[in-house]
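Enquirer: There's a structure below that I have some questions on.
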4 protein chains.
Amino acid sequence: MSRFSEPNDPIFRRLDSSISYDRRLGPHDVAQSRAHATMLAAAGIIGEDERDALLGGLDQVAAELEGGTFPFAPDDVDIHMAVERRLTDLVGPVGGKLHTARSRNDQVATDLVLFTRAHADAALAGIGGLRRTLLELAERHLDWAMPGYTHLQRAQPVYLSHHLLAYFWMLGRDAKRFAFVREATEELPLGAGALAGVNFATDRGLLAQQLGFARVAPNSIDAVSNRDFVLDYLSAAAICATHLSRLGAELVLWSSEEFGFAEVADAWASGSSIMPQKKNPDAAELLRAKAPRIVAHLTGLHGVMHGLPLTYNKDLQEDKEHLFDAVDTLELSLAAATGMLGGIAFDRERLAAAAADELIAATDVADLLVRRGVPFRQSHGIVAGLVRDTLAAGKSLSELSREELAAHSPELDDEFYDLLSQRAWLESKVSEGGTALPRVQEQLERARADLG
Amino acid sequence: MSRFSEPNDPIFRRLDSSISYDRRLGPHDVAQSRAHATMLAAAGIIGEDERDALLGGLDQVAAELEGGTFPFAPDDVDIHMAVERRLTDLVGPVGGKLHTARSRNDQVATDLVLFTRAHADAALAGIGGLRRTLLELAERHLDWAMPGYTHLQRAQPVYLSHHLLAYFWMLGRDAKRFAFVREATEELPLGAGALAGVNFATDRGLLAQQLGFARVAPNSIDAVSNRDFVLDYLSAAAICATHLSRLGAELVLWSSEEFGFAEVADAWASGSSIMPQKKNPDAAELLRAKAPRIVAHLTGLHGVMHGLPLTYNKDLQEDKEHLFDAVDTLELSLAAATGMLGGIAFDRERLAAAAADELIAATDVADLLVRRGVPFRQSHGIVAGLVRDTLAAGKSLSELSREELAAHSPELDDEFYDLLSQRAWLESKVSEGGTALPRVQEQLERARADLG
Amino acid sequence: MSRFSEPNDPIFRRLDSSISYDRRLGPHDVAQSRAHATMLAAAGIIGEDERDALLGGLDQVAAELEGGTFPFAPDDVDIHMAVERRLTDLVGPVGGKLHTARSRNDQVATDLVLFTRAHADAALAGIGGLRRTLLELAERHLDWAMPGYTHLQRAQPVYLSHHLLAYFWMLGRDAKRFAFVREATEELPLGAGALAGVNFATDRGLLAQQLGFARVAPNSIDAVSNRDFVLDYLSAAAICATHLSRLGAELVLWSSEEFGFAEVADAWASGSSIMPQKKNPDAAELLRAKAPRIVAHLTGLHGVMHGLPLTYNKDLQEDKEHLFDAVDTLELSLAAATGMLGGIAFDRERLAAAAADELIAATDVADLLVRRGVPFRQSHGIVAGLVRDTLAAGKSLSELSREELAAHSPELDDEFYDLLSQRAWLESKVSEGGTALPRVQEQLERARADLG
Amino acid sequence: MSRFSEPNDPIFRRLDSSISYDRRLGPHDVAQSRAHATMLAAAGIIGEDERDALLGGLDQVAAELEGGTFPFAPDDVDIHMAVERRLTDLVGPVGGKLHTARSRNDQVATDLVLFTRAHADAALAGIGGLRRTLLELAERHLDWAMPGYTHLQRAQPVYLSHHLLAYFWMLGRDAKRFAFVREATEELPLGAGALAGVNFATDRGLLAQQLGFARVAPNSIDAVSNRDFVLDYLSAAAICATHLSRLGAELVLWSSEEFGFAEVADAWASGSSIMPQKKNPDAAELLRAKAPRIVAHLTGLHGVMHGLPLTYNKDLQEDKEHLFDAVDTLELSLAAATGMLGGIAFDRERLAAAAADELIAATDVADLLVRRGVPFRQSHGIVAGLVRDTLAAGKSLSELSREELAAHSPELDDEFYDLLSQRAWLESKVSEGGTALPRVQEQLERARADLG
């Protein structure tokens, strides 16, 4: 396929060849070739019999690829040449007409955009499934109290449902991102040729229609140079994976003996080769561990694109492995998160005991003073002093005497004890989006509506 | 502001304090405080006179911040405490009421989302300006021929307008990304409190309305843990900067003596401390060099978020410097690209001479054979052989004799010479989005419409 | 300083100027200028009186820089031109002779290598201080039992000293890395000129000797293109920061109410603006959070260097901010880790209670069977079954009856109860590098020797 | 291998299993198992007959792994369990004794450190080969003049040998880095057990000796938590790959028609699917493109290690794929660079013509004035003015009249013309490390000595 006949050096071939991984684009390559052959005939560039021969051959190629019987040859350097070579084996010289008015440059961009679109859809489906699981979990654990944390210190109590829904909304933003990725795959590169357009009056609108694109890419140079849609996928996947890493990290924490809030099902845990007692939350750890991998793929492709002159450069071959591994990693992570959460068991008593820590009522005590006219900043100081002295005395807040209270503020009266004993701290968070039950129920409705 | 009175270690203070950079959020902090005070009064949580005192004080704080006269104190660890401290200096203890029903956790998230929104708008404006400049340049260089490159080898000729428009469309996708970022800043975190909501019946809808948010964040835990909008900004900025790095790299290349296609204006070049003859395209080099910086900020924040348990952790303080420097870098880069392109001079003769390289007509020769019924793959092989023999003989294509042509294919006749002499290669790229002039004009119209 | 007189565009100046940050190289710039002037005179390129005038002027420049009185001018684009400009103000036209046989290209490389060397030393000092603190802590907590974790599950008990020493050895490897960085700063770039060497018979050996370099860089092109030493610093700093992030993360975990193993001193903690009870381990969180920042700087500079043609390109200006911020971040982090650990309090009882969890004796039970001839893999299975049935029955291991034991293995006899009651699990880890006290004491000696 | 019998979920198994890639550690796993069995017998923990049975079985396992006949089973989740499972198939229950006093935690660390050591050696060999090729190329192109560039603008002429040697020295630093990596693999983890050491009086010194380690890791906790040596490898590989990316980028540039300095051999080039004339320097492009991939692996692993509590966490499973792909990429890149350079052809005439550009003599003209007593800064200004006027007049420097010269400086006399006509610019760069031939010859000697 070149003007030089000296064979390529074997080391060069190993460096240059992409067939070991881009074969995965095979079905998309055949789909676009079918559309291309159809268009070439419709535009009068090839005959109808030639089109039929090509389509017949492509049917067989598709079947061979799907059935795993496609006969790859040692000289197939990429999937595009492999498909064309095989097609020509099957249908004869007319196979050589398929590449009329097409270049590998627009061809590979088209395969890749079709692949990305399919996997944006897959990500959306995976996210949808995980969100449904989270919603169900929230419904099942509606009024289970637990501590909310800041700085990994108990801060204020919340309901487990409320905590789980935080992930529901994070993943909702991920869904928006993948919808954006999908939109970024709506422009057809095919027909841009090597870079300048082609010497034939092709019908790119017909190609777009057949392959499900909304539009034709407006500039042939951009069409073959553009990998934005891959960067968009990787950007979205990196954020989604980072969300999953937070979920994974929390589950690891909650599975520790010290927290004891949750236990993953046996089907999602592993043991130790040396310690017989171990039940390790490997799936949660791996959810955590996968985010840097996808972030790395994103930065790797950014590095490849950095300062790259237009149009196609061989560097662009480095797009595929980053994308493929990110796709596999994200889809597996979403499925694993869904499965693991599906079988998780929370420990209501451990959660409740931790949430009953009196110190986390401190904000409520301060707000009690606020309601009596003490400026918040001042009431905060009063309660901070109260906490300091209580801890120094080795007591809990409810063990303080009236006199001790009065020493800190005359406004601290019996309502202080009521506040601590009623444990109404959760239900007092009545603001919109807060953890009081009516608010969580409101939120659940909004979540159900959001899922559609 | 804590339950412990032992003073902080000076090294801890250096590590912990953010005032040296987050003061930049000052105007947003005051704006949200104004809205918060207004809402507190509307909800009956503070009195109208208290509100008025707070608003009056905040007016002065705003003026001091804008005028550069705000008196920062050594103990101001962040902008939020500095504003509140100053406000209390100005209006007395009522200043301490401003923090009622608010935490620094929702406060900083709100400042940051306001900042991000403003700079999404700034990016959109910068991109718009650069796109306009590119469009004007394309109009002015409509029919200037130049070589298109693949692998940095001359491939097929294109018009300079067509090449410049490739960047126009890249930047159009950047604009879509920043519109997405803007949408990601439409949910109000304020009112989430520390993490669980607040003990007051606040009116978050009123806050949202005053501060220009479309919606209230539905989950208080997510609201204070969420930095997605910063990741969204950084993701968009990284791709945009990578586009600019490609532009910069091409301008560096075109400014070399070897290419000689373009010369930046003196106002955008620098000299050498030792070599008096030098005129260096520093601005283009720096456009290229800035992309890894923004990508680094993106990965840095991903690293910070990785595996971070909910809700607020001090790690989140690391969000701001990444964002601020990315904002400054991107906005300066966009302005510089616009300014530099505004004064650039292209060398029509050098471009045309390079575009006249006969070898880049090879695709057209192959397509000539295709029109005569030779399958493309076969015609490609014929022309490759022709090129090989021509180069080996030290000739150019048009110097080949009829006999030499015939030796390669009987279909190569006089039309071969016509094709080379007419230099109609550009105008033959008639496909949609191709470089033929009518197609470029079509594209210019589409571009004008896209700019609105 | 150029062949064009049109003034630079203000936006270009903002992009191009480095004086706002490279002024920090001032002392190194003066030091190399002193050496350069001395060498020029020794080589007969300038006169001795000229040298003396230059050295006198440079003394004043150094004093002004140190005292903060150096009069920067609006046109100073970088520290090199600022120093030369000021020098010429002070000593007249002879100041213009200083740049003989020197270019900014070798000048900036020399400043930067001197800066890097100084901060490799600073990192070594910071690491040394932290290692001493860790060693002292280990000595003070020699026999405090605690659980060792895998997968954040209690695995086997260890001594706190042993755990702390793990960080000692990590940091020992960091010290080796910075010693390598130091070695990477031993080649003098100065004298390479713009890129090709200079037109004068300079004495680079004399320069090297004066500035404390071991060698002269052997190739002028490489000398001005090379930023490896910065990458080396950043690579070493990234690993060191990642170690500190693990330390920080563990301290955050141990400071939680659930673990309760450690409490940072008040001087190293912060409170909450809304929750009066909070004591947050901010310093530990920030130690954790800083690693991605340094990793980001490393990747940023790799991005800048990617595919950059030789020799100097303006892109290299992007080296400094990455390095400077990494230096500041790492040195502050090391100081903070040292200070925070200096004041930390561990809770012996909480640690011991967690370490007494009978389940973490499971490996020891399995090894008991091994000593009786049961192959390890089989004994592991037996004990795993024992644990499963024990948990299912809601018992602890020591509550099992002889019959229950016998049902799992005839080899489980009274020694089983002895093993659990003696709690000798720690002391049984007698292998070299293990946690048995004699081994830890051996380790402490090795550590003391390592510190020298 | 766990206390729970419920089978793992298939999705969990896909996430958790590493056998698809860690089988590559097989030979190292067998090697350490041989050493471990030998040590267990020497320490009296197993019998000599048991040892012999294990060694016999391991011989067969090794042979099966090498021959590709090792029968992997569906339940083999990693190479360690696969080897032990197969061993037990072969030798019966005694196979279960191999894991005595060993955990997968120290086992995998040991496999990995052995793998890393082997590939540090491979990198050193690859670098050595490339350096030899560069040295030979430099010797063959000793006195070929070419332009040296700054900012991709012609700056000063150099010899091609000098330019090629710049890469020689870069790679010399890479060799030092990999020697450091090798040193980082000199501590034996094996014997650390799960994390705390083992319940047996093992002889780790004997293990170290058998497996070629210099030392035993001093702390069992660190030994199983440590992946520094992988980070060290990746850090070194990233810098080396970045060097290769600069080499690749220059070769791409030099292969363009515009530069025309070099042509890669046909064996290292590829053609186009559509443009028959193309000869693309794909190998050079891929050298450039691979650096971000290795940098991405480095950042990926940093991300995994970030904030990870001690000791082993499943996250560490993510170390291997980063390392393996980096190893393959770097070794292939080094081989490709060596092969491609071995067959490259430089165009002496194109290089010389570019080097004859009179403007690059400007520094020499300025230095001529310096020798006559004009301070350098002033002479630089004079020559800059000269260049400006010359270009404005559309002339070359040698076409200026005496009067025109005199208008700029009285010191510009006939020597000016001599300087331009003699083209002695290269030989005037006489400083150490400069491009004058005697200096390059000096450098070649130093280079030969460095290679040893």
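Residues are referred to by chain and number: the chain letter is A, B, ... according to the order shown in the structure tokens, the number counts from 1 in that chain, and ligands are numbered separately from 1 in the order shown.
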Applying 7 Å and only C-alpha atoms, which residues near Thr185 (chain C) remain after dropping the ones on its own chain fewer than 4 positions away? List them as a PyMOL selection string.
Expert: chain C and resi 113+117+181+229
Enquirer: Could you list, as a ChimeraX atom specification, every residue of chain B that has an atom within 7 Å of an atom of chain D, counting only C-alpha atoms?
Expert: /B:151-153,252,256-259,274-277,280,303,359,362-363,380,383-384,387
Enquirer: Produce a file of the selected residues containing C-alpha atoms, as a PDB file, in the first residue's frame.
Expert:
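Saved the output as again-v6.pdb:
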```pdb
ATOM      1  CA  HIS B 151       2.280  12.817   9.267  1.00  0.00           C
ATOM      2  CA  LEU B 152       3.795  16.276   8.618  1.00  0.00           C
ATOM      3  CA  GLN B 153       4.236  15.167   5.015  1.00  0.00           C
ATOM      4  CA  VAL B 252       5.771  27.829  15.521  1.00  0.00           C
ATOM      5  CA  SER B 256      10.403  28.604  10.887  1.00  0.00           C
ATOM      6  CA  GLU B 257      12.654  29.595   8.004  1.00  0.00           C
ATOM      7  CA  GLU B 258      12.072  26.157   6.513  1.00  0.00           C
ATOM      8  CA  PHE B 259       8.303  26.530   6.308  1.00  0.00           C
ATOM      9  CA  ILE B 274      22.769  36.852  22.649  1.00  0.00           C
ATOM     10  CA  MET B 275      21.668  36.430  19.023  1.00  0.00           C
ATOM     11  CA  PRO B 276      20.748  39.801  17.547  1.00  0.00           C
ATOM     12  CA  GLN B 277      19.023  38.384  14.477  1.00  0.00           C
ATOM     13  CA  ASN B 280      11.059  34.249  18.125  1.00  0.00           C
ATOM     14  CA  GLY B 303      -6.276  13.142  42.692  1.00  0.00           C
ATOM     15  CA  LEU B 359       3.509  14.695  -5.736  1.00  0.00           C
ATOM     16  CA  ALA B 362      -1.012  11.517  -6.638  1.00  0.00           C
ATOM     17  CA  THR B 363      -4.451  10.845  -5.169  1.00  0.00           C
ATOM     18  CA  HIS B 380      -3.383   3.179  -5.832  1.00  0.00           C
ATOM     19  CA  VAL B 383       0.405   5.318  -8.954  1.00  0.00           C
ATOM     20  CA  ALA B 384       2.607   4.243  -6.053  1.00  0.00           C
ATOM     21  CA  VAL B 387       5.942   7.705  -7.887  1.00  0.00           C
TER      22      VAL B 387
END
```
Enquirer: Considering only C-alpha atoms, return as JSON, numbers by chain whatever protein or nucleic-acid residues lie within 12 Å of Phe324 (chain D), sequence-local ones (same chain, fewer than 2 positions apart) excluded.
Expert: {"D": [21, 22, 23, 24, 25, 112, 115, 116, 119, 230, 233, 234, 237, 294, 297, 298, 318, 319, 320, 321, 322, 326, 327, 328, 329, 330, 331]}
Enquirer: I need the chosen residues saved as a compact mmCIF listing (two decimals), in the first residue's frame, with N, CA, C and O atoms.
Expert:
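Ended up saving to out34.txt:
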```
# COMPACT_ATOMS: atom_id res chain seq x y z
N TYR D 21 -3.33 -11.19 33.38
CA TYR D 21 -2.06 -10.47 33.14
C TYR D 21 -0.95 -10.88 34.09
O TYR D 21 0.21 -10.82 33.74
N ASP D 22 -1.28 -11.32 35.31
CA ASP D 22 -0.15 -11.58 36.21
C ASP D 22 0.49 -12.94 35.94
O ASP D 22 1.52 -13.25 36.54
N ARG D 23 -0.06 -13.70 35.01
CA ARG D 23 0.59 -14.96 34.63
C ARG D 23 2.00 -14.68 34.12
O ARG D 23 2.86 -15.55 34.14
N ARG D 24 2.18 -13.49 33.70
CA ARG D 24 3.48 -13.07 33.22
C ARG D 24 4.54 -13.11 34.32
O ARG D 24 5.74 -13.13 34.04
N LEU D 25 4.09 -13.09 35.58
CA LEU D 25 5.03 -13.19 36.69
C LEU D 25 5.41 -14.64 36.98
O LEU D 25 6.23 -14.90 37.87
N LEU D 112 7.16 -9.13 41.97
CA LEU D 112 7.16 -7.85 41.26
C LEU D 112 8.53 -7.19 41.31
O LEU D 112 8.97 -6.57 40.34
N PHE D 115 10.64 -8.99 38.83
CA PHE D 115 10.27 -8.56 37.48
C PHE D 115 10.88 -7.19 37.18
O PHE D 115 11.42 -6.95 36.11
N THR D 116 10.74 -6.28 38.13
CA THR D 116 11.24 -4.92 37.92
C THR D 116 12.75 -4.91 37.74
O THR D 116 13.29 -4.20 36.88
N HIS D 119 13.66 -5.99 34.32
CA HIS D 119 13.38 -5.02 33.27
C HIS D 119 14.16 -3.72 33.45
O HIS D 119 14.29 -2.95 32.49
N VAL D 230 8.37 0.20 41.79
CA VAL D 230 7.59 0.35 40.55
C VAL D 230 7.50 1.83 40.18
O VAL D 230 7.67 2.20 39.02
N TYR D 233 10.72 2.75 38.68
CA TYR D 233 10.83 2.32 37.29
C TYR D 233 10.02 3.26 36.38
O TYR D 233 10.50 3.73 35.35
N LEU D 234 8.79 3.53 36.79
CA LEU D 234 7.92 4.35 35.94
C LEU D 234 8.45 5.78 35.83
O LEU D 234 8.35 6.40 34.77
N ALA D 237 11.30 5.54 33.42
CA ALA D 237 10.81 5.24 32.07
C ALA D 237 10.13 6.46 31.46
O ALA D 237 10.24 6.71 30.26
N ILE D 294 3.43 6.40 28.99
CA ILE D 294 4.21 5.98 30.17
C ILE D 294 4.01 6.99 31.30
O ILE D 294 3.88 6.60 32.47
N HIS D 297 0.88 6.05 32.97
CA HIS D 297 1.01 4.91 33.89
C HIS D 297 1.60 5.37 35.22
O HIS D 297 1.16 4.94 36.28
N LEU D 298 2.59 6.23 35.14
CA LEU D 298 3.20 6.75 36.38
C LEU D 298 2.16 7.46 37.23
O LEU D 298 2.03 7.23 38.44
N GLU D 318 -3.60 -2.91 41.13
CA GLU D 318 -3.52 -2.02 39.96
C GLU D 318 -2.08 -1.62 39.61
O GLU D 318 -1.87 -0.81 38.73
N ASP D 319 -1.11 -2.16 40.32
CA ASP D 319 0.27 -1.79 39.99
C ASP D 319 0.77 -2.49 38.72
O ASP D 319 1.52 -1.91 37.95
N LYS D 320 0.29 -3.71 38.53
CA LYS D 320 0.92 -4.57 37.53
C LYS D 320 0.69 -4.13 36.08
O LYS D 320 1.62 -4.07 35.29
N GLU D 321 -0.55 -3.84 35.75
CA GLU D 321 -0.80 -3.49 34.34
C GLU D 321 -0.08 -2.20 33.96
O GLU D 321 0.40 -2.06 32.83
N HIS D 322 -0.02 -1.25 34.89
CA HIS D 322 0.75 -0.03 34.61
C HIS D 322 2.21 -0.39 34.31
O HIS D 322 2.80 0.09 33.35
N ALA D 326 4.17 -0.30 30.59
CA ALA D 326 5.29 0.64 30.51
C ALA D 326 6.56 -0.08 30.07
O ALA D 326 7.33 0.42 29.23
N VAL D 327 6.80 -1.25 30.64
CA VAL D 327 7.97 -2.05 30.27
C VAL D 327 7.93 -2.38 28.78
O VAL D 327 8.91 -2.19 28.06
N ASP D 328 6.80 -2.87 28.33
CA ASP D 328 6.71 -3.25 26.92
C ASP D 328 6.90 -2.04 26.01
O ASP D 328 7.56 -2.11 24.98
N THR D 329 6.26 -0.94 26.40
CA THR D 329 6.33 0.26 25.57
C THR D 329 7.74 0.81 25.51
O THR D 329 8.25 1.14 24.44
N LEU D 330 8.39 0.86 26.65
CA LEU D 330 9.74 1.44 26.66
C LEU D 330 10.72 0.55 25.90
O LEU D 330 11.52 1.05 25.09
N GLU D 331 10.65 -0.74 26.14
CA GLU D 331 11.62 -1.62 25.48
C GLU D 331 11.43 -1.62 23.97
O GLU D 331 12.40 -1.59 23.20
```
Enquirer: Between D:Leu207, D:Val224, D:Leu40, D:Ala179, single out the one closest to Leu124 (chain D), counting only C-alpha atoms.
Expert: D:Ala179
Enquirer: If you run DSSP on this backbone, which residues of region 103-337 of chain B come out as strand (DSSP E), and could you give them as a list in words?
Expert: Ala145, Met146, Pro147, Gly148, Tyr149, Thr150, Gln153, Arg154, Ala155, Gln156, Pro157, Val158, Tyr159, Glu187, Leu188, Arg215, Val216, Ala262 and Glu263 of chain B
Enquirer: Would you put the residues from that selection into a file with C-alpha atoms, as a PDB file, in the first residue's frame?
Expert:
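Below is the file result.pdb, written as the result:
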```pdb
ATOM      1  CA  ALA B 145      -3.502  27.505  -1.624  1.00  0.00           C
ATOM      2  CA  MET B 146      -1.306  25.642   0.820  1.00  0.00           C
ATOM      3  CA  PRO B 147      -0.331  22.041   1.415  1.00  0.00           C
ATOM      4  CA  GLY B 148      -2.429  19.974   3.755  1.00  0.00           C
ATOM      5  CA  TYR B 149      -0.319  17.584   5.807  1.00  0.00           C
ATOM      6  CA  THR B 150      -0.646  14.162   7.247  1.00  0.00           C
ATOM      7  CA  GLN B 153       4.236  15.167   5.015  1.00  0.00           C
ATOM      8  CA  ARG B 154       2.582  17.130   2.260  1.00  0.00           C
ATOM      9  CA  ALA B 155      -0.548  15.203   1.455  1.00  0.00           C
ATOM     10  CA  GLN B 156      -3.125  17.162  -0.526  1.00  0.00           C
ATOM     11  CA  PRO B 157      -3.478  20.884  -1.179  1.00  0.00           C
ATOM     12  CA  VAL B 158      -6.096  22.885   0.654  1.00  0.00           C
ATOM     13  CA  TYR B 159      -7.017  26.513   1.030  1.00  0.00           C
ATOM     14  CA  GLU B 187     -27.680  24.365  41.433  1.00  0.00           C
ATOM     15  CA  LEU B 188     -27.436  26.334  44.649  1.00  0.00           C
ATOM     16  CA  ARG B 215     -32.402  25.256  41.071  1.00  0.00           C
ATOM     17  CA  VAL B 216     -31.686  24.336  44.647  1.00  0.00           C
ATOM     18  CA  ALA B 262       3.678  32.940   8.477  1.00  0.00           C
ATOM     19  CA  GLU B 263       5.231  35.726  10.457  1.00  0.00           C
TER      20      GLU B 263
END
```
Enquirer: Please measure the separation of CA of Arg439 (chain A) and CA of Val374 (chain A), giving the value in Å to one decimal.
Expert: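 Separation between CA of Arg439 (chain A) and CA of Val374 (chain A): 27.6 Å.
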Enquirer: In Å, with one decimal, what is the gap from CA of Leu165 (chain D) to CA of Asn219 (chain C)?
Expert: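 Calculated distance between CA of Leu165 (chain D) and CA of Asn219 (chain C) is 7.3 Å.
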Enquirer: If DSSP is run on the backbone, what residues of region 116-271 of chain D are alpha helix (DSSP H)? A reply as JSON, numbers by chain would be ideal.
Expert: {"D": [116, 117, 118, 119, 120, 121, 122, 123, 124, 125, 126, 127, 128, 129, 130, 131, 132, 133, 134, 135, 136, 137, 138, 139, 140, 160, 161, 162, 163, 164, 165, 166, 167, 168, 169, 170, 171, 172, 173, 174, 175, 176, 177, 178, 179, 180, 181, 182, 183, 184, 204, 205, 206, 207, 208, 209, 210, 211, 220, 221, 222, 223, 224, 225, 228, 229, 230, 231, 232, 233, 234, 235, 236, 237, 238, 239, 240, 241, 242, 243, 244, 245, 246, 247, 248, 249, 250, 251, 252, 253, 254, 255]}
